[in-house]
Amino acid sequence: MAHGGGFGHNSPGGLLRYPEKEPFALKEYNSHYDHIFELMEELEHKGEILIHRITPEHKPVEVFTRTGRIKTIPTNKLWHHKSCGQCGNIPGYPAAIFWFMNKFGLDYLNEPHQTSCTAWNYHGSGTSNPVALAAVWLRNMHQAWKTGYYPLIHCGTSFGSYKETREQLIFNKELRDAVRPILKKLGRLTEDGRIVIPQEVVHYSEWVHAVRYQIAKLYESEGKSKGIDISSVRVAIHNACHTYKMIADDYPYDPEVFEGQRPAASTAVVQALGAQVVDYSTWFDCCGFGFRHILTEREFTRSFAIQRKLKVIYEEVKADLIVTHDTGCTTTFEKNQWIGKAHGMYYPVAVMSDVMFAALACGAHPFKIIQLYWNCSSYEPLLEKMGITNWRELKKEWEDAVNHIAQLEKAGKYDELMEFFKEYDLYEPYSKTASGKPKASATANIPLFKS
Amino acid sequence: MEGHIYGYNLPISEKTKVVPWEEKVRVVEEVKADFRYKEYIYGCLNCGVCTASCPSNRFFDYSPREIVQRFLEDDVEVLYDMMHEYIWACSQCFTCWIRCPFVNNPGGLVAIMREVAVRNAFEATKDLLKPYGRVLLKVMTTGNQLSADMLQPDFFPDWGPKMADNMENLRAKRLAIPFDVGKSVKTAWEVSLETAVEMYTIWRETGIFEMLEKLDPNLYNVIMDIVEENEERYQELTEED
């Protein structure tokens with residue numbers, strides 16, 4: 001089905017919408033995907049599913065997908081579907097997302113009632129199946145719906161897997177019939193027995209894309225006033241395979257980013273901030289992560305990352321930074337540089353996600369928030385170039401805090417530790433859960449990070 | 001069959017040769033019976049765009065074009081052989097999917113083949129996934145696939161000397177993050193007990209524990225001990241409430 005009925009077409013329930021004219025040159029891809037929105041409306045009408053809709057309280061922003069469909073991105077009242085790889089291995093990644101949300105005074109929920117999507121495991125080991133993947137997804141989506149917050153997916157693989165699972169569910173009654181009894185057992189259907197499916201599956205990079213002009217404004221007001229200047233920073237963009245190659249028709253494209261011919265997220269925010277986006281010949285290649293490979297076929301991962309990406313980016317465009325928007329790519333590029341020295345293939349370049357770089361530009365603490373100490377690759381030249389020349393003092397400030405906490409804990413001085421945290425610049429809401437008594441909302445008048 | 005005129009010229013393994021034909025047919029039919037199969041394979045121009053852009057093809061004897069072609073030709077012998085080691089080279093990046101003019105999804109076919117290989121507990125699959133055991137342990141018991149404490153420097157010497165620095169005072173470092181992020185070093189985030197128990201129910205109802213038992217009985221026993229302990233703890237807490 002081409003373009004769900006053509007430009008200017010709206011589905012009866014308004015979930016599927018196209019602009020009056022093509023936003024950029026369009027090739028007719030497998031746009032049968034767009035038809036799922038009309039099928040979702042039909043299934044809701046039949047009472048089989050409930051669509052978790054994006055409403056004005058979510059402060060929606062509209063973007064285009066590569067078929068020209070209008071995709072609605074919620075920017076407020078979000079349920080954080082965290083990434084295990086980011087929280088475990090790149091802690092500055094989710095911290096940067098929360099930092100922006102607090103800066104913008106947005107409401108959100110970060111709670112423990114979430115599982116991983118388990119798709120990394122599936123793509124790495126095959127030890128799961130579509131019914132299990134669907135049950136995990138729908139369980140998490142039900143939890144978000146129950147709390148009244150809209151799910152924002154941090155991980156690219158979760159995002160890709162959830163998009164694919166939704167397509168499978170909508171097109172296959174047998175999958176819906178297989179998963180419904182499991183959800184019933186879990187208490188994860190609506191009271192009248194319907195499956196909860198979100199209107200849009202939304203990745204955090206789409207959120208960053210949607211709020212990029214707000215981010216640029218924050219850079220102007222707070223980043224530049226701290227002496228930060230990113231106008232000379234050369235940035236190579238790496239788009240994650242699972243965001244734009246899995247269910248390729250459900251990710252933002254924009255006429256201002258390579259005339260709508262490449263994924264827009266990440267590139268657009270770097271452009272909006274005024275850094276230099278530098279193009280390179282292997283932009284489309286994957287990073288080499290491979291799911292199983294980064295753990296058990298490491299020589300493949302590092303060979304691919306070095307030869308197809310790091311070497312190219314270093315030699316062709318001399319980038320200061322690779323900007324990513326997913327867990328595995330960030331880890332792969334960042335951790336596989338040092339080993340290149342052994343083969344005379346050392347191509348040093350800083351690596352971080354779009355939201356981490358944007359937060360740094362807006363004045364976030366490089367260590368307390370962006371957690372750069374965790375990086376194995378060299379980030380210091382980038383900080384110098386950005387004008388964050390006091391990074392040594394900031395690093396010492398961080399290390400002193402860590403050492404103090406470690407000493408108190410080792411000595412068993414928990415009362416003193418609690419006193420320390422009262423004075424430490426923790427953000428609010430520190431944690432808010434659906435089952436427990438909610439703590440203060442981020443929209444309340446609570447002081448933000450002091451550093 | 002030894003090799004193929006269109007390019008698949010890897011020798012069929014001796015282990016495959018001795019497997020009864022009916023068994024090979026059964027396994028390949030199990031792949032084709034998956035509801036996704038018909039959505040992943042259409043016509044094939046044999047253009048090789050998928051293979052030209054495949055990252056795994058650059059470093060392994062692996063070609064997504066061959067996967068599609070062998071299914072279209074119903075080449076049972078080769079498909080069965082591929083399901084032992086060949087398919088595990090795929091990076092699951094889905095570059096093949098976005099590049100294919102006919103919207104074939106070779107990476108998706110590989111996902112089905114891997115799933116069937118695990119379900120049938122092929123010896124090669126067991127060996128191949130042995131080093132992956134600690135990820136399976138983590139995801140099956142906690143609902144998280146990765147945690148900070150899994151990144152021991154000994155496991156990642158090629159990531160350089162900074163890994164050791166990173167792990168020093170790890171807990172204090174995580175406590176010093178001014179958000180509720182990564183506070184638990186044993187899981188990516190604090191997963192509530194009821195959430196973990198819900199996940200166990202999903203594993204049980206969808207046959208994932210059974211898959212695991214066939215794949216690695218020792219690992220399965222370790223996992224089930226933790227699962228049952230957590231389920232009992234949850235039961236007690238529920239009764240207290």
# chains A, B, ... in the order shown; residues from 1 in each chain; ligands from 1
call {"tool": "residues_around", "arguments": {"residues": "Glu232 (chain B)", "least_positions_apart": "6", "cutoff": "12 Å", "atoms": "only C-alpha atoms", "output": "PDB file with C-alpha atoms, in the first residue's frame"}}
result
ATOM      1  CA  LEU B 193      10.701  -8.103  42.760  1.00  0.00           C
ATOM      2  CA  GLU B 194       7.191  -8.208  41.302  1.00  0.00           C
ATOM      3  CA  VAL B 197       8.468 -12.484  38.990  1.00  0.00           C
ATOM      4  CA  MET B 224      15.954 -22.019  38.487  1.00  0.00           C
ATOM      5  CA  ASP B 225      17.377 -21.916  42.016  1.00  0.00           C
ATOM      6  CA  ILE B 226      17.395 -18.128  41.886  1.00  0.00           C
ATOM      7  CA  THR B 238       2.334 -10.948  49.150  1.00  0.00           C
ATOM      8  CA  GLU B 239       0.949 -13.052  51.982  1.00  0.00           C
TER       9      GLU B 239
END
call {"tool": "residues_around", "arguments": {"residues": "Lys395 (chain A)", "least_positions_apart": "5", "cutoff": "10 Å", "atoms": "only C-alpha atoms", "output": "PyMOL selection string"}}
result
chain A and resi 365-368+371-373+390+400-401
call {"tool": "write_last_selection", "arguments": {"atoms": "all heavy atoms", "output": "PDB file, in the first residue's frame"}}
result
ATOM      1  N   HIS A 365      27.948  19.025  33.973  1.00  0.00           N
ATOM      2  CA  HIS A 365      29.243  18.642  34.555  1.00  0.00           C
ATOM      3  C   HIS A 365      29.789  17.410  33.807  1.00  0.00           C
ATOM      4  O   HIS A 365      29.090  16.382  33.734  1.00  0.00           O
ATOM      5  CB  HIS A 365      29.029  18.310  36.032  1.00  0.00           C
ATOM      6  CG  HIS A 365      30.286  18.263  36.842  1.00  0.00           C
ATOM      7  ND1 HIS A 365      31.267  17.332  36.617  1.00  0.00           N
ATOM      8  CD2 HIS A 365      30.721  19.038  37.873  1.00  0.00           C
ATOM      9  CE1 HIS A 365      32.248  17.510  37.489  1.00  0.00           C
ATOM     10  NE2 HIS A 365      31.941  18.555  38.261  1.00  0.00           N
ATOM     11  N   PRO A 366      31.015  17.507  33.274  1.00  0.00           N
ATOM     12  CA  PRO A 366      31.531  16.389  32.450  1.00  0.00           C
ATOM     13  C   PRO A 366      31.671  15.068  33.199  1.00  0.00           C
ATOM     14  O   PRO A 366      31.668  14.009  32.585  1.00  0.00           O
ATOM     15  CB  PRO A 366      32.918  16.869  32.005  1.00  0.00           C
ATOM     16  CG  PRO A 366      32.955  18.315  32.295  1.00  0.00           C
ATOM     17  CD  PRO A 366      31.967  18.600  33.374  1.00  0.00           C
ATOM     18  N   PHE A 367      31.790  15.135  34.521  1.00  0.00           N
ATOM     19  CA  PHE A 367      32.010  13.897  35.282  1.00  0.00           C
ATOM     20  C   PHE A 367      30.804  13.516  36.128  1.00  0.00           C
ATOM     21  O   PHE A 367      30.382  12.371  36.118  1.00  0.00           O
ATOM     22  CB  PHE A 367      33.287  14.021  36.123  1.00  0.00           C
ATOM     23  CG  PHE A 367      34.474  14.302  35.245  1.00  0.00           C
ATOM     24  CD1 PHE A 367      34.943  15.596  35.071  1.00  0.00           C
ATOM     25  CD2 PHE A 367      35.069  13.278  34.522  1.00  0.00           C
ATOM     26  CE1 PHE A 367      36.007  15.865  34.208  1.00  0.00           C
ATOM     27  CE2 PHE A 367      36.121  13.541  33.644  1.00  0.00           C
ATOM     28  CZ  PHE A 367      36.592  14.837  33.497  1.00  0.00           C
ATOM     29  N   LYS A 368      30.220  14.479  36.831  1.00  0.00           N
ATOM     30  CA  LYS A 368      29.060  14.135  37.660  1.00  0.00           C
ATOM     31  C   LYS A 368      27.865  13.746  36.792  1.00  0.00           C
ATOM     32  O   LYS A 368      27.116  12.846  37.137  1.00  0.00           O
ATOM     33  CB  LYS A 368      28.654  15.328  38.537  1.00  0.00           C
ATOM     34  CG  LYS A 368      29.480  15.479  39.785  1.00  0.00           C
ATOM     35  CD  LYS A 368      28.915  16.592  40.648  1.00  0.00           C
ATOM     36  CE  LYS A 368      29.729  16.744  41.911  1.00  0.00           C
ATOM     37  NZ  LYS A 368      29.311  17.919  42.690  1.00  0.00           N
ATOM     38  N   GLN A 371      29.646  11.661  33.133  1.00  0.00           N
ATOM     39  CA  GLN A 371      30.348  10.438  33.579  1.00  0.00           C
ATOM     40  C   GLN A 371      31.494  10.034  32.645  1.00  0.00           C
ATOM     41  O   GLN A 371      31.688   8.851  32.346  1.00  0.00           O
ATOM     42  CB  GLN A 371      29.337   9.291  33.709  1.00  0.00           C
ATOM     43  CG  GLN A 371      28.237   9.547  34.716  1.00  0.00           C
ATOM     44  CD  GLN A 371      28.659   9.260  36.138  1.00  0.00           C
ATOM     45  OE1 GLN A 371      29.054   8.148  36.472  1.00  0.00           O
ATOM     46  NE2 GLN A 371      28.612  10.273  36.979  1.00  0.00           N
ATOM     47  N   LEU A 372      32.224  11.047  32.169  1.00  0.00           N
ATOM     48  CA  LEU A 372      33.253  10.761  31.169  1.00  0.00           C
ATOM     49  C   LEU A 372      34.424   9.944  31.716  1.00  0.00           C
ATOM     50  O   LEU A 372      35.183   9.358  30.950  1.00  0.00           O
ATOM     51  CB  LEU A 372      33.763  12.060  30.543  1.00  0.00           C
ATOM     52  CG  LEU A 372      32.795  12.746  29.580  1.00  0.00           C
ATOM     53  CD1 LEU A 372      33.406  14.032  29.032  1.00  0.00           C
ATOM     54  CD2 LEU A 372      32.388  11.836  28.429  1.00  0.00           C
ATOM     55  N   TYR A 373      34.569   9.919  33.044  1.00  0.00           N
ATOM     56  CA  TYR A 373      35.657   9.118  33.617  1.00  0.00           C
ATOM     57  C   TYR A 373      35.544   7.664  33.147  1.00  0.00           C
ATOM     58  O   TYR A 373      36.506   6.925  33.100  1.00  0.00           O
ATOM     59  CB  TYR A 373      35.602   9.162  35.159  1.00  0.00           C
ATOM     60  CG  TYR A 373      34.420   8.429  35.712  1.00  0.00           C
ATOM     61  CD1 TYR A 373      34.509   7.081  36.023  1.00  0.00           C
ATOM     62  CD2 TYR A 373      33.184   9.062  35.889  1.00  0.00           C
ATOM     63  CE1 TYR A 373      33.415   6.379  36.490  1.00  0.00           C
ATOM     64  CE2 TYR A 373      32.087   8.366  36.351  1.00  0.00           C
ATOM     65  CZ  TYR A 373      32.205   7.033  36.646  1.00  0.00           C
ATOM     66  OH  TYR A 373      31.114   6.330  37.094  1.00  0.00           O
ATOM     67  N   ASN A 390      38.621  23.801  32.263  1.00  0.00           N
ATOM     68  CA  ASN A 390      38.800  23.488  33.695  1.00  0.00           C
ATOM     69  C   ASN A 390      38.441  22.049  34.009  1.00  0.00           C
ATOM     70  O   ASN A 390      38.076  21.708  35.134  1.00  0.00           O
ATOM     71  CB  ASN A 390      37.934  24.430  34.551  1.00  0.00           C
ATOM     72  CG  ASN A 390      36.452  24.256  34.274  1.00  0.00           C
ATOM     73  OD1 ASN A 390      36.075  23.795  33.188  1.00  0.00           O
ATOM     74  ND2 ASN A 390      35.608  24.638  35.215  1.00  0.00           N
ATOM     75  N   ASP A 400      37.014  13.561  44.392  1.00  0.00           N
ATOM     76  CA  ASP A 400      36.944  13.819  45.840  1.00  0.00           C
ATOM     77  C   ASP A 400      35.617  13.340  46.408  1.00  0.00           C
ATOM     78  O   ASP A 400      35.571  12.748  47.496  1.00  0.00           O
ATOM     79  CB  ASP A 400      37.120  15.324  46.115  1.00  0.00           C
ATOM     80  CG  ASP A 400      38.554  15.780  45.890  1.00  0.00           C
ATOM     81  OD1 ASP A 400      39.441  14.904  45.741  1.00  0.00           O
ATOM     82  OD2 ASP A 400      38.790  17.007  45.844  1.00  0.00           O
ATOM     83  N   ALA A 401      34.533  13.598  45.654  1.00  0.00           N
ATOM     84  CA  ALA A 401      33.201  13.164  46.120  1.00  0.00           C
ATOM     85  C   ALA A 401      33.145  11.642  46.193  1.00  0.00           C
ATOM     86  O   ALA A 401      32.660  11.065  47.181  1.00  0.00           O
ATOM     87  CB  ALA A 401      32.123  13.696  45.184  1.00  0.00           C
TER      88      ALA A 401
END
call {"tool": "residues_around", "arguments": {"residues": "region 119-123 of chain A", "least_positions_apart": "2", "cutoff": "8 Å", "atoms": "only C-alpha atoms", "output": "list in words"}}
result
Cys117, Ser125, Gly126, Thr127, Ser128, Asn129, Leu133, Thr157, Ser158, Ser161, Phe291 and Arg292 of chain A; Gln92, Ala111, Val135, Leu136, Val139 and Gln145 of chain B
call {"tool": "write_last_selection", "arguments": {"atoms": "N, CA, C and O atoms", "output": "PDB file, in the first residue's frame"}}
result
ATOM      1  N   CYS A 117      14.085  -5.067  27.511  1.00  0.00           N
ATOM      2  CA  CYS A 117      13.271  -5.604  26.419  1.00  0.00           C
ATOM      3  C   CYS A 117      13.630  -7.061  26.137  1.00  0.00           C
ATOM      4  O   CYS A 117      12.858  -7.787  25.534  1.00  0.00           O
ATOM      5  N   SER A 125      21.661 -14.479  21.202  1.00  0.00           N
ATOM      6  CA  SER A 125      21.696 -15.915  21.494  1.00  0.00           C
ATOM      7  C   SER A 125      20.531 -16.707  20.914  1.00  0.00           C
ATOM      8  O   SER A 125      20.567 -17.939  20.940  1.00  0.00           O
ATOM      9  N   GLY A 126      19.498 -16.043  20.432  1.00  0.00           N
ATOM     10  CA  GLY A 126      18.332 -16.754  19.914  1.00  0.00           C
ATOM     11  C   GLY A 126      17.498 -17.403  21.005  1.00  0.00           C
ATOM     12  O   GLY A 126      16.548 -18.133  20.713  1.00  0.00           O
ATOM     13  N   THR A 127      17.853 -17.135  22.275  1.00  0.00           N
ATOM     14  CA  THR A 127      17.152 -17.796  23.380  1.00  0.00           C
ATOM     15  C   THR A 127      15.904 -17.017  23.796  1.00  0.00           C
ATOM     16  O   THR A 127      15.842 -16.463  24.890  1.00  0.00           O
ATOM     17  N   SER A 128      14.962 -16.949  22.926  1.00  0.00           N
ATOM     18  CA  SER A 128      13.647 -16.379  23.217  1.00  0.00           C
ATOM     19  C   SER A 128      12.776 -16.688  22.010  1.00  0.00           C
ATOM     20  O   SER A 128      13.168 -17.500  21.161  1.00  0.00           O
ATOM     21  N   ASN A 129      11.639 -16.065  21.926  1.00  0.00           N
ATOM     22  CA  ASN A 129      10.785 -16.245  20.747  1.00  0.00           C
ATOM     23  C   ASN A 129       9.832 -15.050  20.634  1.00  0.00           C
ATOM     24  O   ASN A 129       9.741 -14.243  21.577  1.00  0.00           O
ATOM     25  N   LEU A 133       8.944 -12.128  23.456  1.00  0.00           N
ATOM     26  CA  LEU A 133       9.322 -10.729  23.203  1.00  0.00           C
ATOM     27  C   LEU A 133       8.094  -9.832  23.242  1.00  0.00           C
ATOM     28  O   LEU A 133       8.127  -8.722  23.785  1.00  0.00           O
ATOM     29  N   THR A 157      18.016  -0.862  20.418  1.00  0.00           N
ATOM     30  CA  THR A 157      17.565  -2.230  20.156  1.00  0.00           C
ATOM     31  C   THR A 157      16.167  -2.456  20.716  1.00  0.00           C
ATOM     32  O   THR A 157      15.333  -3.095  20.070  1.00  0.00           O
ATOM     33  N   SER A 158      15.892  -1.925  21.892  1.00  0.00           N
ATOM     34  CA  SER A 158      14.521  -2.016  22.418  1.00  0.00           C
ATOM     35  C   SER A 158      13.564  -1.349  21.441  1.00  0.00           C
ATOM     36  O   SER A 158      12.505  -1.889  21.118  1.00  0.00           O
ATOM     37  N   SER A 161      13.226  -3.444  18.250  1.00  0.00           N
ATOM     38  CA  SER A 161      12.509  -4.680  18.548  1.00  0.00           C
ATOM     39  C   SER A 161      11.040  -4.396  18.819  1.00  0.00           C
ATOM     40  O   SER A 161      10.152  -5.125  18.356  1.00  0.00           O
ATOM     41  N   PHE A 291      25.947  -7.850  18.920  1.00  0.00           N
ATOM     42  CA  PHE A 291      25.218  -8.465  20.042  1.00  0.00           C
ATOM     43  C   PHE A 291      26.015  -9.573  20.714  1.00  0.00           C
ATOM     44  O   PHE A 291      26.505  -9.386  21.821  1.00  0.00           O
ATOM     45  N   ARG A 292      26.179 -10.696  20.063  1.00  0.00           N
ATOM     46  CA  ARG A 292      27.001 -11.773  20.630  1.00  0.00           C
ATOM     47  C   ARG A 292      28.472 -11.437  20.423  1.00  0.00           C
ATOM     48  O   ARG A 292      29.322 -11.723  21.264  1.00  0.00           O
TER      49      ARG A 292
ATOM     50  N   GLN B  92      23.245  -9.263  13.024  1.00  0.00           N
ATOM     51  CA  GLN B  92      21.869  -8.813  13.336  1.00  0.00           C
ATOM     52  C   GLN B  92      21.728  -7.288  13.240  1.00  0.00           C
ATOM     53  O   GLN B  92      21.004  -6.664  14.020  1.00  0.00           O
ATOM     54  N   ALA B 111      17.485 -14.979  12.457  1.00  0.00           N
ATOM     55  CA  ALA B 111      16.935 -14.990  13.827  1.00  0.00           C
ATOM     56  C   ALA B 111      16.053 -16.224  14.030  1.00  0.00           C
ATOM     57  O   ALA B 111      16.134 -16.888  15.079  1.00  0.00           O
ATOM     58  N   VAL B 135      25.506 -13.724  30.503  1.00  0.00           N
ATOM     59  CA  VAL B 135      24.446 -12.808  30.063  1.00  0.00           C
ATOM     60  C   VAL B 135      23.085 -13.479  30.245  1.00  0.00           C
ATOM     61  O   VAL B 135      22.127 -12.864  30.724  1.00  0.00           O
ATOM     62  N   LEU B 136      23.020 -14.765  29.879  1.00  0.00           N
ATOM     63  CA  LEU B 136      21.762 -15.506  30.049  1.00  0.00           C
ATOM     64  C   LEU B 136      21.362 -15.569  31.530  1.00  0.00           C
ATOM     65  O   LEU B 136      20.195 -15.393  31.870  1.00  0.00           O
ATOM     66  N   VAL B 139      20.007 -12.045  32.493  1.00  0.00           N
ATOM     67  CA  VAL B 139      18.720 -11.644  31.909  1.00  0.00           C
ATOM     68  C   VAL B 139      17.583 -12.534  32.397  1.00  0.00           C
ATOM     69  O   VAL B 139      16.482 -12.064  32.649  1.00  0.00           O
ATOM     70  N   GLN B 145      19.964  -7.246  31.104  1.00  0.00           N
ATOM     71  CA  GLN B 145      20.956  -8.027  30.348  1.00  0.00           C
ATOM     72  C   GLN B 145      22.388  -7.672  30.709  1.00  0.00           C
ATOM     73  O   GLN B 145      23.305  -8.439  30.475  1.00  0.00           O
TER      74      GLN B 145
END
call {"tool": "residues_around", "arguments": {"residues": "Lys311 (chain A)", "least_positions_apart": "2", "cutoff": "12 Å", "atoms": "only C-alpha atoms", "output": "list of chain:residue names"}}
result
A:Tyr280, A:Ser281, A:Thr282, A:Arg302, A:Ser303, A:Phe304, A:Ala305, A:Ile306, A:Gln307, A:Arg308, A:Lys309, A:Ile313, A:Tyr314, A:Glu315, A:Glu316, A:Val317, A:Lys318, A:Ala319, A:Phe333, A:Asn336, A:Gln337, A:Gly340, A:Gly344, A:Met345, A:Tyr346, A:Tyr347, A:Pro348, A:Val349
call {"tool": "select_by_dssp", "arguments": {"residues": "region 76-255 of chain A", "states": "strand (DSSP E)", "output": "number ranges by chain"}}
result
A: 78-81, 108-109, 150-153, 195-198, 234-237, 252-253
call {"tool": "residues_around", "arguments": {"residues": "Val270 (chain A)", "least_positions_apart": "5", "cutoff": "10 Å", "atoms": "only C-alpha atoms", "output": "list in words"}}
result
His209, Arg212, Ala216, Ile230, Val233, Arg234, Val235, Ala236, Ile237, Ala265, Ala275, Gln276, Val277, Val323, Asp354, Val355, Phe357 and Ala358 of chain A
